[in-house]
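Worksheet for the structure shown next.
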Amino acid sequence: MRDATADRGFSLLESLFACALLGTALLSIGHVSSGALVLMADARNRTLATTLAVAKLEELRSSIAPVDGADTVDGRGEPAVAGTSRRFDRRWSVVAVAPGAAILTVRVTPFPKGIASREVRMIGGWTPVRR
């Protein structure tokens, strides 16, 4: 015969403690996941910005006489139009260091500015193209 006074199941205190522990673990996982999403967005923006900076740097290197300038482009390097969700501000400068030689600097900043929008800067040299 079984003892009728034997404990069965969990007490209320044990159940509350288990729920609190589970809630804390789920909140921690949610916080880590949201942080990972922000970092992924930053990585994507920086990758696109780097690609756009390299493309502009190569364009300037192949020109006969590069000059300073700026533009706003989308993720494909096309001029940004109203309503474009991913835009990049591109600015470049040309500093002459000797006759027939210059330092090119291209800066690309993702928009809208926020947590995941760090500037990318590329620097290269220029000499006249011999044809």
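In the structure tokens, the first chain shown is A, the next is B, and so on; residue numbers restart at 1 for each chain, and ligands run from 1 in the order shown.
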
**Asked** Using only C-alpha atoms, which residues sit within 10 Å of Ala65 (chain A) once same-chain residues fewer than 4 positions away are excluded, as a list in words?
**Response**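 My reading of the contact set: Leu60, Arg61, Val94, Gly100, Ala102, Trp126, Thr127, Pro128 and Val129 of chain A.
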
**Request:** Considering only C-alpha atoms, return as a list in words whatever protein or nucleic-acid residues lie within 12 Å of Ala82 (chain A), sequence-local ones (same chain, fewer than 6 positions apart) excluded.
**Result:**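 So, after excluding close chain neighbours, the residues are Thr72, Val73 and Asp74 of chain A.
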
**Prompt:** Mind checking DSSP for region 18-119 of chain A and telling me the alpha helix (DSSP H) residues as a PyMOL selection string?
**Reply:** chain A and resi 18-61

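Interatomic distance, CA of Asp42 (chain A) to CA of Ala25 (chain A): 26.1 Å.
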
**For Thr50 (chain A), the nearest of the candidates A:Glu78, A:Ile123, A:Val32, A:Val108, counting only C-alpha atoms** =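 Closest to Thr50 (chain A), using only C-alpha atoms: A:Val108.
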
**Item:** Residue with smallest distance to Gly124 (chain A) - pool A:Ala43, A:Ala70, A:Val54, A:Ala18, counting only C-alpha atoms
**Value:**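 Under the stated criterion, the closest residue is A:Val54.
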
**Request:** Enter the distance from CA of Ile64 (chain A) to CA of Arg91 (chain A), in Å, rounded to one decimal.
**Result:**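 CA of Arg91 (chain A) lies 18.8 Å from CA of Ile64 (chain A).
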
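If you measure from each of A:Val81, A:Ala53, A:Leu37, A:Ala101 to Val120 (chain A) using only C-alpha atoms, the closest one turns out to be A:Ala53.
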
**Asked** Nearest to Phe111 (chain A): which of A:Gly69, A:Leu57, A:Ala96, A:Arg46 is it, counting only C-alpha atoms?
**Response** A:Arg46

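The smallest atom-to-atom distance between Arg121 (chain A) and any of A:Ser11, A:Ser93, A:Ser62, A:Thr84, using only C-alpha atoms, is found for A:Ser93.
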
**Request:** Find the residues near Thr109 (chain A): any atom within 8 Å, counting only C-alpha atoms, skip ones fewer than 3 places away on the same chain, and give them as number ranges by chain.
**Result:** A: 49, 88-90, 117-120
